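Trainee: So that we are looking at the same thing, I have put the structure below in structure tokens.
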Amino acid sequence: MPELIRVGMADYKVGKNPATLISYGLGSCIGVSLYDPQIKVGGLLHIMLPDSTQARSSDNPAKFADTGFPLMLADVLKLGASQSRLVAKIAGGAQMFAFANATDVMRVGSRNAEAVKKILKENRIRLIAEDTGGTYGRTVSIDLTNGVYKVKTIDKGEKEI
């Protein structure tokens with residue numbers, strides 16, 4: 001029976017085949033997966049905000065894209081992954097609440113998605129699939145035996161990206 005590793009909000013975990021990493025309840029948050037298909041190791045990061053420098057309290061680095069991603073990447077590389085082989089998939093980044101006269105500050109989901117894409121590009125890691133935006137929450141998982149990234153929603157069912 002493969003191990004199921006739970007990734008909390010503002011958290012990340014890494015693992016290897018045959019584990020599955022899962023994170024529940026992504027709204028405006030983003031679930032970022034990294035996977036090395038050759039040696040079947042990877043990680044899953046559940047970020048809440050794009051940028052630690054704009055936060056009052058940045059005591060949990062996994063809460064932010066700019067500080068959480070480098071930690072997860074380093075741990076995936078410690079498991080033997082090659083940065084050149086890593087592929088990424090992301091999901092989440094919903095606009096969970098409607099605001100009249102919403103400013104960019106209120107668009108946390110889209111800002112999170114943009115921040116993650118920028119960090120992936122800076123690290124030369126290919127983003128091969130995404131399921132972002134919308135107005136609904138998601139639960140995501142990555143199966144480290146094959147890199148399948150599943151996205152589950154209440155109303156829209158389950159899909160693989």
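Just remember, in the structure tokens the first chain shown is A, the second B, etc., residues are 1-based per chain, and ligands are 1-based in the order shown.
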Which of stretch 9-160 of chain A counts as strand (DSSP E) under DSSP, as a PyMOL selection string please?

Mentor: chain A and resi 11-16+20-26+30-36+41-47+87-92+126-132+138-143+148-153+157-160

Trainee: Counting only C-alpha atoms, which residues of stretch 24-125 of chain A sit at most 6 Å from some atom of stretch 136-142 of chain A, and what is each one's closest atom pair with its distance in Å to one decimal, listed by chain and rising residue number, as a Markdown table?

Mentor:
| residue | atom | partner | partner_atom | distance |
| --- | --- | --- | --- | --- |
| A:Tyr24 | CA | A:Thr139 | CA | 4.4 |
| A:Gly25 | CA | A:Thr139 | CA | 5.3 |
| A:Leu26 | CA | A:Arg138 | CA | 5.0 |
| A:Gly27 | CA | A:Gly137 | CA | 4.5 |

Trainee: Tell me, in Å to one decimal, how far atom CA of A:Lys156 is from atom CA of A:Phe97.

Mentor: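 Pair atom CA of A:Lys156 / atom CA of A:Phe97 returns 18.2 Å.
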
Trainee: Please provide as a VMD selection string all residues within 10 Å of stretch 143-150 of chain A, with the sequence filter that same-chain residues fewer than 5 positions apart are discarded (counting only C-alpha atoms).

Mentor: chain A and resid 2 to 4 14 to 22 33 to 43 87 to 91 129 to 130 138 158 to 161

Trainee: Given the selection you just returned, output its residues as a file containing C-alpha atoms, formatted as a compact mmCIF listing (two decimals), in the first residue's frame.

Mentor:
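The resulting file, result.txt, is reproduced below:
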# COMPACT_ATOMS: atom_id res chain seq x y z
CA PRO A 2 1.56 3.32 -1.08
CA GLU A 3 2.18 5.90 1.61
CA LEU A 4 -0.19 8.93 1.62
CA VAL A 14 8.83 15.66 -0.55
CA GLY A 15 8.90 11.94 -1.21
CA LYS A 16 9.69 9.11 -3.54
CA ASN A 17 7.93 6.26 -5.31
CA PRO A 18 5.48 4.76 -4.23
CA ALA A 19 4.23 7.67 -2.09
CA THR A 20 1.40 10.05 -2.95
CA LEU A 21 1.48 13.65 -1.73
CA ILE A 22 -1.92 15.29 -1.13
CA SER A 33 4.25 19.95 -7.64
CA LEU A 34 7.74 19.06 -8.78
CA TYR A 35 8.52 15.66 -10.25
CA ASP A 36 11.59 13.93 -11.63
CA PRO A 37 10.20 11.20 -13.91
CA GLN A 38 13.50 9.33 -14.19
CA ILE A 39 13.99 8.57 -10.50
CA LYS A 40 10.35 9.10 -9.43
CA VAL A 41 10.81 11.65 -6.67
CA GLY A 42 8.95 14.88 -6.14
CA GLY A 43 7.40 17.42 -3.86
CA VAL A 87 8.65 19.17 -14.36
CA ALA A 88 6.02 21.20 -12.55
CA LYS A 89 2.24 21.18 -12.38
CA ILE A 90 0.12 23.70 -10.51
CA ALA A 91 -3.49 24.04 -9.44
CA ALA A 129 0.16 21.49 -16.78
CA GLU A 130 -2.04 23.80 -14.76
CA ARG A 138 -9.58 22.14 -5.14
CA GLU A 158 -11.83 14.86 -10.63
CA LYS A 159 -9.34 15.24 -13.44
CA GLU A 160 -5.71 14.49 -14.15
CA ILE A 161 -3.45 17.21 -15.45

Trainee: Near stretch 118-123 of chain A, counting only C-alpha atoms, which residues have an atom at most 9 Å away, once you skip same-chain residues fewer than 5 positions from it, shown as a ChimeraX atom specification?

Mentor: /A:65-66,69,83,88,113

Trainee: Those selected residues, please, written with N, CA and C atoms and delivered as an mmCIF file, in the first residue's frame.

Mentor:
data_model
loop_
_atom_site.group_PDB
_atom_site.id
_atom_site.type_symbol
_atom_site.label_atom_id
_atom_site.label_comp_id
_atom_site.auth_asym_id
_atom_site.auth_seq_id
_atom_site.Cartn_x
_atom_site.Cartn_y
_atom_site.Cartn_z
ATOM 1 N N ALA A 65 5.271 31.864 -1.923
ATOM 2 C CA ALA A 65 5.894 31.292 -3.122
ATOM 3 C C ALA A 65 7.403 31.564 -3.144
ATOM 4 N N ASP A 66 7.796 32.795 -2.829
ATOM 5 C CA ASP A 66 9.208 33.175 -2.981
ATOM 6 C C ASP A 66 10.135 32.520 -1.961
ATOM 7 N N PHE A 69 9.163 27.834 -2.198
ATOM 8 C CA PHE A 69 9.618 27.079 -3.365
ATOM 9 C C PHE A 69 11.099 26.692 -3.277
ATOM 10 N N GLN A 83 17.655 18.924 -11.444
ATOM 11 C CA GLN A 83 16.847 20.106 -11.752
ATOM 12 C C GLN A 83 16.482 20.164 -13.233
ATOM 13 N N ALA A 88 6.939 20.645 -13.538
ATOM 14 C CA ALA A 88 6.021 21.199 -12.545
ATOM 15 C C ALA A 88 4.592 21.178 -13.067
ATOM 16 N N ALA A 113 -0.691 32.531 -8.690
ATOM 17 C CA ALA A 113 -0.365 31.792 -9.916
ATOM 18 C C ALA A 113 0.765 32.485 -10.684
#

Trainee: Closest to A:Leu45 among A:Ser28, A:Asn60, A:Gly8, A:Gly80, using only C-alpha atoms?

Mentor: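 Answer, going by the shortest atom-to-atom distance: A:Gly8.
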
Trainee: Would you pick out the contacts of A:Thr67 at 10 Å or less, using only C-alpha atoms, so that residues sharing its chain but fewer than 2 positions from it are not included, and give the list as a PyMOL selection string?

Mentor: chain A and resi 47+50-53+58+60-65+69-72

Trainee: Under the rule that only C-alpha atoms are counted, which of A:Ser82, A:Gln95, A:Arg126, A:Gly157 is the nearest residue to A:Arg111?

Mentor: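 Looking only at the distances to A:Arg111, the closest residue turns out to be A:Gln95.
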
Trainee: Kindly give the distance, in Å, that separates atom CA of A:Arg85 and atom CA of A:Ser110, rounded to a single decimal.

Mentor: 26.9 Å

Trainee: Can you measure atom CA of A:Glu114 to atom CA of A:Cys29 for me? One decimal in Å is fine.

Mentor: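 Distance between the two atoms: 11.9 Å.
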